[in-house]
$ cat model01.txt   # compact mmCIF, C-alpha atoms
# COMPACT_ATOMS: atom_id res chain seq x y z
CA MET M 256 155.61 208.84 77.33
CA ASN M 257 153.70 207.97 80.51
CA ASN M 258 153.00 209.23 84.02
CA ILE M 259 154.94 206.48 85.81
CA ARG M 260 157.39 207.98 88.28
CA ILE M 261 161.00 206.82 88.66
CA ASP M 262 162.85 206.95 91.97
CA ASP M 263 166.56 206.43 91.23
CA ILE M 264 168.08 208.07 94.31
CA ILE M 265 169.59 204.93 95.84
CA ILE M 266 170.94 203.50 92.59
CA ASN M 267 172.48 206.84 91.63
CA GLU M 268 174.30 207.05 94.97
CA TYR M 269 175.69 203.56 94.33
CA ILE M 270 176.74 204.39 90.76
CA ASN M 271 178.48 207.52 92.00
CA GLY M 272 180.52 205.44 94.43
CA ASN M 273 178.86 206.78 97.56
CA ASP M 274 178.00 204.83 100.70
CA VAL M 275 174.42 203.53 100.28
CA SER M 276 174.26 202.03 103.77
CA ILE M 277 172.74 205.35 104.85
CA PHE M 278 169.55 204.05 103.18
CA ARG M 279 169.45 200.82 105.20
CA ASN M 280 166.39 202.08 107.09
CA ASP M 281 164.53 202.96 103.91
CA GLU M 282 161.05 201.42 103.78
CA VAL M 283 161.99 199.04 100.95
CA PHE M 284 164.41 197.17 103.23
CA SER M 285 161.90 196.74 106.06
CA LEU M 286 159.74 193.62 105.99
CA GLY M 287 157.65 194.36 109.04
CA GLU M 288 158.20 192.92 112.51
CA ASP M 289 159.26 189.52 113.81
CA PRO M 290 157.24 187.76 116.58
CA SER M 291 159.21 189.66 119.25
CA GLY M 292 158.29 193.02 117.75
CA GLN M 293 161.72 193.75 116.26
CA GLN M 294 161.87 195.27 112.78
CA ILE M 295 163.03 192.86 110.07
CA ASN M 296 165.63 194.68 108.00
CA VAL M 297 166.97 192.86 104.92
CA TYR M 298 169.53 195.41 103.74
CA ILE M 299 172.96 194.06 102.76
CA ASP M 300 175.92 196.01 101.39
CA PRO M 301 175.99 195.72 97.57
CA ASP M 302 179.00 194.44 95.64
CA PRO M 303 181.19 197.50 94.85
CA ASN M 304 182.64 195.74 91.80
CA LEU M 305 179.40 195.98 89.83
CA ILE M 306 179.20 199.77 89.61
CA ASP M 307 180.14 200.00 85.92
CA LYS M 308 177.64 197.31 84.94
CA ALA M 309 174.99 198.89 87.14
CA LYS M 310 175.45 202.21 85.34
CA LEU M 311 174.74 200.62 81.95
CA ILE M 312 171.84 198.57 83.27
CA THR M 313 170.24 201.52 85.06
CA HIS M 314 170.34 203.62 81.89
CA GLY M 315 168.69 200.75 80.01
CA PHE M 316 166.04 200.29 82.69
CA ILE M 317 165.09 203.98 82.71
CA GLU M 318 164.85 204.06 78.93
CA GLU M 319 162.56 201.03 78.97
CA ILE M 320 160.28 202.63 81.57
CA LYS M 321 160.07 205.79 79.47
CA LYS M 322 159.14 203.76 76.40
CA ILE M 323 156.01 202.39 78.05
CA ASN M 324 153.03 204.01 76.38
CA PHE M 325 149.91 202.18 77.42
CA SER M 326 147.68 205.12 76.48
CA ASN M 327 148.41 204.43 72.78
CA ASP M 328 147.60 200.73 73.12
CA THR M 329 143.97 200.37 72.05
CA LYS M 330 143.58 196.94 73.68
CA ILE M 331 144.81 198.16 77.06
CA LYS M 332 142.74 201.36 76.83
CA ARG M 333 139.68 199.21 76.27
CA TYR M 334 140.26 197.52 79.62
CA ILE M 335 141.58 200.53 81.57
CA PRO M 336 140.13 203.69 79.96
CA ASN M 337 141.55 206.05 82.63
CA ILE M 338 145.03 204.58 82.51
CA GLU M 339 146.83 207.95 82.20
CA SER M 340 145.46 209.24 85.51
CA LEU M 341 146.16 205.94 87.30
CA GLU M 342 149.79 205.72 86.12
CA SER M 343 150.80 208.58 88.39
CA TYR M 344 150.15 206.35 91.41
CA ILE M 345 152.94 204.00 90.30
CA THR M 346 156.58 204.59 91.21
CA VAL M 347 159.39 202.33 90.00
CA LYS M 348 162.16 202.48 92.60
CA LEU M 349 165.60 201.34 91.42
CA VAL M 350 167.80 200.22 94.30
CA VAL M 351 170.70 198.06 95.44
CA GLY M 352 170.99 196.37 98.81
CA LEU M 353 168.30 193.68 98.69
CA PRO M 354 169.49 190.17 99.66
CA PRO M 355 170.28 187.56 96.96
CA GLY M 356 167.16 186.06 95.43
CA MET M 357 165.07 189.17 96.13
CA ARG M 358 165.07 191.05 92.86
CA ARG M 359 161.66 192.71 92.67
CA MET M 360 158.74 193.33 94.95
CA PHE M 361 155.74 195.55 95.56
CA ARG M 362 155.40 197.92 98.47
CA GLY M 363 152.74 200.35 99.58
CA ASN M 364 153.87 203.95 99.56
CA GLY M 365 151.45 205.55 102.01
CA ASN M 366 148.98 207.84 100.29
CA GLN M 367 151.32 208.21 97.34
CA GLY M 368 150.41 204.90 95.72
CA ILE M 369 152.42 201.78 94.95
CA LEU M 370 156.16 201.16 94.71
CA ILE M 371 157.55 198.59 92.30
CA VAL M 372 160.98 197.98 93.80
CA VAL M 373 163.74 196.60 91.58
CA ASP M 374 167.26 195.71 92.71
CA VAL M 375 169.33 196.58 89.66
CA ILE M 376 172.22 194.14 90.26
CA ASN M 377 170.46 191.14 91.84
CA GLY M 378 170.29 188.42 89.24
CA LEU M 379 172.73 190.17 86.93
CA ASP M 380 175.16 187.25 87.13
CA GLU M 381 172.40 184.84 86.01
CA SER M 382 171.80 186.63 82.71
CA ASP M 383 173.60 185.75 79.47
CA SER M 384 173.86 189.40 78.43
CA ASN M 385 173.00 192.92 79.52
CA ASP M 386 170.51 193.21 76.65
CA LEU M 387 168.61 190.10 77.77
CA TYR M 388 168.66 191.35 81.37
CA ILE M 389 167.16 194.67 80.30
CA GLU M 390 164.61 192.90 78.08
CA ASP M 391 163.56 190.72 81.01
CA PHE M 392 163.12 193.85 83.12
CA SER M 393 161.09 195.53 80.36
CA ASN M 394 158.70 192.56 80.13
CA TYR M 395 158.34 192.38 83.88
CA ILE M 396 157.76 196.09 84.38
CA ARG M 397 154.93 196.08 81.82
CA TYR M 398 153.34 193.19 83.68
CA ALA M 399 153.91 194.77 87.11
CA VAL M 400 152.52 198.19 86.20
CA LEU M 401 149.39 196.67 84.63
CA LEU M 402 148.97 194.41 87.65
CA MET M 403 148.98 197.40 89.98
CA LEU M 404 146.60 199.37 87.77
CA LEU M 405 144.16 196.46 87.61
CA ASP M 406 144.50 195.88 91.34
CA MET M 407 143.49 199.49 91.99
CA LYS M 408 140.00 198.63 90.77
CA GLY M 409 139.49 196.75 94.01
CA ALA M 410 137.45 193.66 94.63
CA GLU M 411 133.81 193.76 93.51
CA LYS M 412 132.26 192.94 96.88
CA GLU M 413 133.07 193.37 100.54
CA GLU M 414 136.51 192.04 101.35
CA ASN M 415 136.35 188.40 102.36
CA ALA M 416 138.22 185.21 101.51
CA VAL M 417 136.45 184.69 98.18
CA SER M 418 136.77 188.26 96.94
CA THR M 419 140.39 188.60 98.08
CA LEU M 420 141.50 185.47 96.24
CA ALA M 421 139.32 186.16 93.20
CA HIS M 422 140.57 189.72 92.77
CA ALA M 423 144.23 188.71 93.13
CA ILE M 424 143.90 185.95 90.50
CA PHE M 425 141.83 188.21 88.23
CA SER M 426 144.36 191.08 88.36
CA THR M 427 147.48 188.95 87.83
CA SER M 428 145.88 186.94 85.01
CA PHE M 429 144.73 189.94 83.00
CA ALA M 430 147.99 191.79 83.70
CA GLU M 431 149.90 189.00 81.93
CA TYR M 432 147.36 188.87 79.10
CA LEU M 433 147.44 192.61 78.48
CA SER M 434 151.22 192.90 78.82
CA GLY M 435 151.74 190.21 76.20
CA THR M 436 154.45 188.57 78.30
CA ASN M 437 154.99 185.08 79.74
CA GLN M 438 156.02 185.56 83.35
CA LEU M 439 155.82 181.83 84.08
CA GLU M 440 158.47 180.84 81.54
CA LYS M 441 161.33 180.50 84.02
CA LEU M 442 159.21 178.55 86.49
CA GLU M 443 158.16 176.12 83.78
CA GLY M 444 161.81 175.29 83.17
CA ILE M 445 162.32 174.09 86.74
CA ASN M 446 159.01 172.27 87.27
CA LEU M 447 157.60 174.73 89.81
CA THR M 448 154.37 175.37 87.94
CA GLN M 449 152.86 172.01 88.88
CA PHE M 450 152.86 172.69 92.61
CA TRP M 451 151.50 176.23 92.36
CA GLU M 452 148.80 175.38 89.81
CA TYR M 453 147.62 172.40 91.83
CA THR M 454 147.57 174.44 95.05
CA GLU M 455 145.79 177.46 93.56
CA PHE M 456 143.16 175.39 91.77
CA ASN M 457 142.27 173.54 94.95
CA MET M 458 142.21 176.77 96.94
CA ILE M 459 139.68 178.25 94.48
CA LYS M 460 137.48 175.16 94.80
CA LYS M 461 137.56 175.41 98.58
CA VAL M 462 136.60 179.08 98.79
CA LEU M 463 133.82 178.74 96.22
CA LYS M 464 132.38 175.95 98.37
CA LYS M 465 132.86 178.15 101.47
CA LYS M 466 135.27 175.59 102.90
CA LYS M 467 138.43 176.40 104.89
CA MET M 468 138.05 180.12 104.26
CA ASN M 469 140.65 180.86 106.92
CA GLU M 470 143.32 179.22 104.72
CA VAL M 471 143.21 182.02 102.13
CA THR M 472 145.24 184.47 104.20
CA ALA M 473 147.88 181.82 104.89
CA TYR M 474 147.94 180.85 101.22
CA MET M 475 148.31 184.45 100.02
CA GLY M 476 151.08 184.99 102.56
CA MET M 477 152.88 181.87 101.35
CA VAL M 478 152.67 183.02 97.71
CA VAL M 479 153.90 186.55 98.42
CA ASN M 480 156.72 185.42 100.71
CA SER M 481 157.99 182.79 98.29
CA ASN M 482 157.43 184.90 95.17
CA PRO M 483 157.47 188.65 95.96
CA GLU M 484 157.52 189.40 92.22
CA MET M 485 153.88 188.20 92.14
CA VAL M 486 154.45 186.02 89.08
CA VAL M 487 153.12 182.73 90.44
CA LEU M 488 149.80 184.14 91.66
CA GLY M 489 147.01 183.64 89.13
CA ILE M 490 148.69 180.73 87.37
CA THR M 491 145.33 179.02 86.79
CA GLY M 492 143.80 182.17 85.31
CA LYS M 493 146.82 182.75 83.08
CA ARG M 494 146.51 179.21 81.72
CA TYR M 495 142.79 179.74 81.14
CA LEU M 496 143.24 183.00 79.22
CA SER M 497 146.04 181.49 77.12
CA CYS M 498 143.50 178.95 75.78
CA LEU M 499 141.21 181.69 74.43
CA GLU M 500 141.61 183.42 71.07
CA ASN M 501 138.56 185.67 70.65
CA GLU M 502 139.38 189.11 72.07
CA ASP M 503 135.72 190.09 72.42
CA GLU M 504 135.07 186.94 74.45
CA ILE M 505 138.04 187.72 76.71
CA PHE M 506 136.84 191.29 77.21
CA GLN M 507 133.37 190.04 78.13
CA ILE M 508 134.95 187.73 80.70
CA TYR M 509 136.82 190.73 82.09
CA GLN M 510 133.60 192.76 82.32
CA ASN M 511 131.86 189.93 84.16
CA GLY M 512 134.30 190.47 87.03
CA ASP M 513 136.59 188.54 89.32
CA ILE M 514 134.14 186.14 91.03
CA GLU M 515 132.78 184.92 87.69
CA PHE M 516 136.35 184.64 86.45
CA ILE M 517 137.43 182.13 89.09
CA LYS M 518 134.21 180.16 88.53
CA ARG M 519 135.15 179.90 84.86
CA ILE M 520 138.62 178.66 85.80
CA ILE M 521 137.09 175.76 87.73
CA LYS M 522 134.77 174.86 84.85
CA ASN M 523 137.41 175.20 82.14
CA LYS M 524 138.33 171.83 80.59
CA GLU M 525 141.91 172.81 79.81
CA ASN M 526 142.50 173.67 83.44
CA LYS M 527 140.82 170.48 84.61
CA TYR M 528 143.04 168.36 82.39
CA ALA M 529 146.13 170.24 83.53
CA ILE M 530 145.18 169.93 87.19
CA SER M 531 144.39 166.25 86.70
CA ASP M 532 147.89 165.73 85.29
CA THR M 533 149.36 167.92 88.02
CA SER M 534 147.60 165.99 90.79
CA LYS M 535 148.99 162.77 89.32
CA PHE M 536 152.44 164.33 89.18
CA VAL M 537 152.13 165.36 92.83
CA PHE M 538 150.94 161.83 93.75
CA PHE M 539 153.85 160.08 92.03
CA ASN M 540 156.32 162.65 93.34
CA LYS M 541 155.17 161.98 96.93
CA SER M 542 155.09 158.25 96.26
CA LEU M 543 158.66 158.36 94.98
CA ILE M 544 159.82 160.07 98.16
CA LEU M 545 157.87 157.65 100.37
CA ILE M 546 159.02 154.41 98.75
CA THR M 547 162.61 155.67 98.64
CA MET M 548 162.45 156.36 102.38
CA ILE M 549 161.00 152.86 102.95
CA TYR M 550 163.86 151.32 100.96
CA VAL M 551 166.48 153.27 102.93
CA GLY M 552 164.86 152.24 106.23
CA TRP M 553 164.64 148.64 105.06
CA SER M 554 168.34 148.70 104.16
CA ILE M 555 169.27 150.07 107.59
CA LEU M 556 167.27 147.32 109.31
CA GLY M 557 168.99 144.72 107.14
CA ILE M 558 172.41 146.04 108.10
CA ILE M 559 171.46 145.98 111.81
CA PHE M 560 169.58 142.67 112.01
CA GLY M 561 171.16 140.64 109.23
CA ASP M 562 170.26 139.00 105.96
CA LYS M 563 166.79 137.85 107.05
CA PHE M 564 165.54 141.33 106.04
CA PHE M 565 166.98 141.05 102.53
CA ASN M 566 164.29 138.98 100.81
CA GLN M 567 163.36 138.84 97.11
CA ILE M 568 161.04 141.84 97.30
CA PHE M 569 163.89 143.91 98.72
CA TYR M 570 166.05 143.18 95.69
CA ILE M 571 163.39 144.24 93.15
CA TYR M 572 162.41 147.32 95.19
CA PRO M 573 164.83 149.65 93.35
CA LEU M 574 163.02 148.80 90.12
CA ILE M 575 159.75 149.87 91.76
CA ILE M 576 161.45 153.18 92.60
CA CYS M 577 162.50 153.55 88.94
CA ILE M 578 158.91 152.92 87.81
CA ALA M 579 157.56 155.61 90.17
CA TRP M 580 160.26 157.99 88.96
CA LEU M 581 159.35 157.21 85.33
CA LEU M 582 155.64 157.90 85.94
CA LYS M 583 156.49 161.18 87.67
CA GLU M 584 158.57 162.27 84.68
CA LEU M 585 155.83 161.27 82.22
CA TYR M 586 153.31 163.56 83.92
CA SER M 587 155.91 166.29 84.28
CA PHE M 588 156.41 166.12 80.50
CA LYS M 589 152.65 166.23 79.86
CA ILE M 590 152.43 169.45 81.86
CA ASN M 591 155.58 171.32 80.83
CA LYS M 592 156.33 169.82 77.40
CA ASN M 593 160.05 170.03 78.18
CA PHE M 594 161.23 167.31 75.81
CA LYS M 595 164.95 167.78 76.45
CA ARG M 596 164.54 167.43 80.21
CA PHE M 597 162.26 164.44 79.71
CA LEU M 598 164.80 162.62 77.51
CA ILE M 599 167.64 163.28 79.96
CA ASN M 600 165.67 161.95 82.93
CA ILE M 601 164.37 158.91 81.03
CA GLY M 602 167.95 158.18 79.98
CA ILE M 603 169.15 158.37 83.60
CA ILE M 604 166.34 156.11 84.81
CA THR M 605 167.03 153.56 82.05
CA VAL M 606 170.77 153.47 82.75
CA ILE M 607 170.19 153.01 86.50
CA ALA M 608 167.61 150.25 85.96
CA ILE M 609 169.76 148.31 83.45
CA ALA M 610 172.91 148.67 85.57
CA TYR M 611 171.06 147.46 88.66
CA MET M 612 169.64 144.40 86.88
CA LEU M 613 173.05 143.47 85.43
CA ILE M 614 174.99 143.94 88.66
CA VAL M 615 172.55 142.93 91.42
CA LEU M 616 169.81 140.69 90.01

$ encode --input "model01.txt" --output "structure tokens"
Amino acid sequence: MNNIRIDDIIINEYINGNDVSIFRNDEVFSLGEDPSGQQINVYIDPDPNLIDKAKLITHGFIEEIKKINFSNDTKIKRYIPNIESLESYITVKLVVGLPPGMRRMFRGNGNQGILIVVDVINGLDESDSNDLYIEDFSNYIRYAVLLMLLDMKGAEKEENAVSTLAHAIFSTSFAEYLSGTNQLEKLEGINLTQFWEYTEFNMIKKVLKKKKMNEVTAYMGMVVNSNPEMVVLGITGKRYLSCLENEDEIFQIYQNGDIEFIKRIIKNKENKYAISDTSKFVFFNKSLILITMIYVGWSILGIIFGDKFFNQIFYIYPLIICIAWLLKELYSFKINKNFKRFLINIGIITVIAIAYMLIVL
């Protein structure tokens, strides 16, 4: 058992077949104000055909929340000794009515603490089974609750760009470590980790050097807006902790605090190698886009002004594009180790290159 509160009012109204649009002005559907001062409300009417599924899923979700028992986990108690008293500040709110793509998010709840908002039916159609959907929720909710509990500690020093970024990365990294889950798994499958890791690593370097401090707020806003589940944040710290095996060493790092933690991330060889590969991936990805655009523009000029634009270099240019694409995929494979994806893309590149040489050259 635990002290985490569950707010199931909205989902129960939906399951009972009642009109949930009466909750459209609930705080969870309000995302602040637009530039004109108008409230941004994201509520949409939920699909009425998912009530039976939602009933099963909701029961499973509530059971998983009740199973959480951090106070009996010696490792977690070592890091958060007063976890029982802090749990009461967390409320998991089960809802329907969030727009597609917005499954989970965090909201302040006034003086009552933190809301972890979960739309029960968003993403249900993407799951292979109800059991896997509930398991995914269980893993996430462990991560989310620990993230909020760690975040409650607050930054070590006065709030500024360095402490804000350091504390956010520190909390999310140790939340994943303590929860024993891999929240980045889905992102790794679609090659999103490279961009976020590269961006976060460079942001840490900037703030530690006291450069472009004003970019931190914009960066944090970009992360939260694009990933309200707060999974992407701390990707560099999560990678760093995954390289360590000695629990006493990890606990000492935790005790040293958030500023020292981000300094370690910058010094860590594993992160440096990963970022080096990621920066190369980003370079070849941008190069691929640029040279493809040049080729398209070149082709348009040739169509307009005649064959004088179609010289020998023009005809081998597609092979240059294939080489840039190949290099991009090589570094993508080095980062994500997705061998199946790598083989498929290499196969496509090879087929295109051979076909082009046979038909055109």

$ residues_around --input "model01.txt" --residues "Arg260 of chain M" --least-positions-apart "6" --cutoff "9 Å" --atoms "all atoms listed in the file" --output "list in words"
Glu342, Ser343, Tyr344, Ile345, Thr346, Val347 and Lys348 of chain M

$ atom_distance --input "model01.txt" --atom1 "atom CA of Phe425 of chain M" --atom2 "atom CA of Asp513 of chain M"
5.4 Å

$ closest_residue --input "model01.txt" --among "M:Tyr509, M:Tyr269, M:Phe361, M:Tyr495" --to "Tyr334 of chain M" --atoms "all atoms listed in the file"
M:Tyr509

$ closest_atom_pairs --input "model01.txt" --of "segment 388-420 of chain M" --to "segment 325-329 of chain M" --cutoff "12 Å" --atoms "only C-alpha atoms" --output "Markdown table"
| residue | atom | partner | partner_atom | distance |
| --- | --- | --- | --- | --- |
| M:Arg397 | CA | M:Phe325 | CA | 9.0 |
| M:Tyr398 | CA | M:Phe325 | CA | 11.5 |
| M:Val400 | CA | M:Phe325 | CA | 10.0 |
| M:Leu401 | CA | M:Phe325 | CA | 9.1 |
| M:Leu404 | CA | M:Phe325 | CA | 11.2 |

$ closest_residue --input "model01.txt" --among "M:Ser340, M:Asn267, M:Asn482, M:Asn296" --to "Met407 of chain M" --atoms "only C-alpha atoms"
M:Ser340

$ closest_residue --input "model01.txt" --among "M:Ile331, M:Leu370, M:Val351, M:Ile259" --to "Val275 of chain M" --atoms "all atoms listed in the file"
M:Val351

$ residues_around --input "model01.txt" --residues "Glu455 of chain M" --least-positions-apart "2" --cutoff "10 Å" --atoms "all atoms listed in the file" --output "list in words"
Leu420, Ile424, Phe450, Trp451, Glu452, Tyr453, Asn457, Met458, Ile459, Lys460, Lys461, Tyr474, Met475, Val478, Val487, Leu488, Gly489, Ile490, Thr491, Gly492 and Ile530 of chain M

$ atom_distance --input "model01.txt" --atom1 "atom CA of Ile261 of chain M" --atom2 "atom CA of Asp302 of chain M"
22.9 Å

$ atom_distance --input "model01.txt" --atom1 "atom CA of Arg333 of chain M" --atom2 "atom CA of Asn511 of chain M"
14.5 Å

$ closest_residue --input "model01.txt" --among "M:Val479, M:Val375, M:Ile544, M:Ile514" --to "Thr419 of chain M" --atoms "all atoms listed in the file"
M:Ile514

$ closest_residue --input "model01.txt" --among "M:Pro336, M:Gly368, M:Gly315, M:Gly352" --to "Ile266 of chain M" --atoms "all atoms listed in the file"
M:Gly352

$ residues_around --input "model01.txt" --residues "Asn377 of chain M" --least-positions-apart "5" --cutoff "12 Å" --atoms "only C-alpha atoms" --output "ChimeraX atom specification"
/M:299,301-302,305,308-309,312,349-359,372,382,388,392

$ closest_residue --input "model01.txt" --among "M:Lys321, M:Lys493, M:Lys583, M:Arg596" --to "Tyr432 of chain M" --atoms "only C-alpha atoms"
M:Lys493

$ axis_aligned_box --input "model01.txt" --around "segment 507-520 of chain M" --padding-each-side "5 Å" --output "AutoDock Vina command-line options"
--center_x 135.2 --center_y 185.7 --center_z 84.6 --size_x 16.8 --size_y 24.1 --size_z 22.9

$ residues_around --input "model01.txt" --residues "segment 282-286 of chain M" --least-positions-apart "5" --cutoff "6 Å" --atoms "all atoms listed in the file" --output "PDB file with C-alpha atoms, in the coordinates of the input"
ATOM      1  CA  ILE M 295     163.030 192.860 110.070  1.00  0.00           C
ATOM      2  CA  ASN M 296     165.630 194.680 108.000  1.00  0.00           C
ATOM      3  CA  VAL M 297     166.970 192.860 104.920  1.00  0.00           C
ATOM      4  CA  TYR M 298     169.530 195.410 103.740  1.00  0.00           C
TER       5      TYR M 298
END

$ residues_around --input "model01.txt" --residues "Cys577 of chain M" --least-positions-apart "5" --cutoff "10 Å" --atoms "all atoms listed in the file" --output "ChimeraX atom specification"
/M:543,547,572,582-583,601,603-605,607-608

$ write_last_selection --input "model01.txt" --atoms "C-alpha atoms" --output "compact mmCIF listing (two decimals), keeping the file's coordinate frame"
# COMPACT_ATOMS: atom_id res chain seq x y z
CA LEU M 543 158.66 158.36 94.98
CA THR M 547 162.61 155.67 98.64
CA TYR M 572 162.41 147.32 95.19
CA LEU M 582 155.64 157.90 85.94
CA LYS M 583 156.49 161.18 87.67
CA ILE M 601 164.37 158.91 81.03
CA ILE M 603 169.15 158.37 83.60
CA ILE M 604 166.34 156.11 84.81
CA THR M 605 167.03 153.56 82.05
CA ILE M 607 170.19 153.01 86.50
CA ALA M 608 167.61 150.25 85.96

$ residues_near_point --input "model01.txt" --point "(156.4, 158.5, 96.8)" --cutoff "12 Å" --atoms "only C-alpha atoms" --output "ChimeraX atom specification"
/M:535-550,575-583

$ build_atoms --input "model01.txt" --residues "segment 570-584 of chain M" --atoms "N, CA and C atoms" --output "PDB file, in the frame of the given file"
ATOM      1  N   TYR M 570     165.130 143.052  96.824  1.00  0.00           N
ATOM      2  CA  TYR M 570     166.050 143.180  95.690  1.00  0.00           C
ATOM      3  C   TYR M 570     165.389 143.755  94.439  1.00  0.00           C
ATOM      4  N   ILE M 571     164.066 143.626  94.314  1.00  0.00           N
ATOM      5  CA  ILE M 571     163.390 144.240  93.150  1.00  0.00           C
ATOM      6  C   ILE M 571     162.842 145.636  93.481  1.00  0.00           C
ATOM      7  N   TYR M 572     162.966 146.036  94.753  1.00  0.00           N
ATOM      8  CA  TYR M 572     162.410 147.320  95.190  1.00  0.00           C
ATOM      9  C   TYR M 572     162.989 148.507  94.417  1.00  0.00           C
ATOM     10  N   PRO M 573     164.295 148.527  94.136  1.00  0.00           N
ATOM     11  CA  PRO M 573     164.830 149.650  93.350  1.00  0.00           C
ATOM     12  C   PRO M 573     164.169 149.811  91.991  1.00  0.00           C
ATOM     13  N   LEU M 574     163.721 148.702  91.401  1.00  0.00           N
ATOM     14  CA  LEU M 574     163.020 148.800  90.120  1.00  0.00           C
ATOM     15  C   LEU M 574     161.649 149.450  90.295  1.00  0.00           C
ATOM     16  N   ILE M 575     161.033 149.203  91.445  1.00  0.00           N
ATOM     17  CA  ILE M 575     159.750 149.870  91.760  1.00  0.00           C
ATOM     18  C   ILE M 575     159.982 151.379  91.878  1.00  0.00           C
ATOM     19  N   ILE M 576     161.098 151.759  92.490  1.00  0.00           N
ATOM     20  CA  ILE M 576     161.450 153.180  92.600  1.00  0.00           C
ATOM     21  C   ILE M 576     161.618 153.785  91.207  1.00  0.00           C
ATOM     22  N   CYS M 577     162.301 153.052  90.315  1.00  0.00           N
ATOM     23  CA  CYS M 577     162.500 153.550  88.940  1.00  0.00           C
ATOM     24  C   CYS M 577     161.173 153.722  88.209  1.00  0.00           C
ATOM     25  N   ILE M 578     160.222 152.810  88.449  1.00  0.00           N
ATOM     26  CA  ILE M 578     158.910 152.920  87.810  1.00  0.00           C
ATOM     27  C   ILE M 578     158.166 154.162  88.307  1.00  0.00           C
ATOM     28  N   ALA M 579     158.208 154.410  89.620  1.00  0.00           N
ATOM     29  CA  ALA M 579     157.560 155.610  90.170  1.00  0.00           C
ATOM     30  C   ALA M 579     158.205 156.872  89.626  1.00  0.00           C
ATOM     31  N   TRP M 580     159.515 156.848  89.510  1.00  0.00           N
ATOM     32  CA  TRP M 580     160.260 157.990  88.960  1.00  0.00           C
ATOM     33  C   TRP M 580     159.855 158.216  87.497  1.00  0.00           C
ATOM     34  N   LEU M 581     159.746 157.125  86.730  1.00  0.00           N
ATOM     35  CA  LEU M 581     159.350 157.210  85.330  1.00  0.00           C
ATOM     36  C   LEU M 581     157.962 157.824  85.182  1.00  0.00           C
ATOM     37  N   LEU M 582     156.999 157.378  86.000  1.00  0.00           N
ATOM     38  CA  LEU M 582     155.640 157.900  85.940  1.00  0.00           C
ATOM     39  C   LEU M 582     155.599 159.383  86.301  1.00  0.00           C
ATOM     40  N   LYS M 583     156.403 159.759  87.298  1.00  0.00           N
ATOM     41  CA  LYS M 583     156.490 161.180  87.670  1.00  0.00           C
ATOM     42  C   LYS M 583     156.985 162.015  86.502  1.00  0.00           C
ATOM     43  N   GLU M 584     158.011 161.531  85.807  1.00  0.00           N
ATOM     44  CA  GLU M 584     158.570 162.270  84.680  1.00  0.00           C
ATOM     45  C   GLU M 584     157.602 162.331  83.493  1.00  0.00           C
TER      46      GLU M 584
END
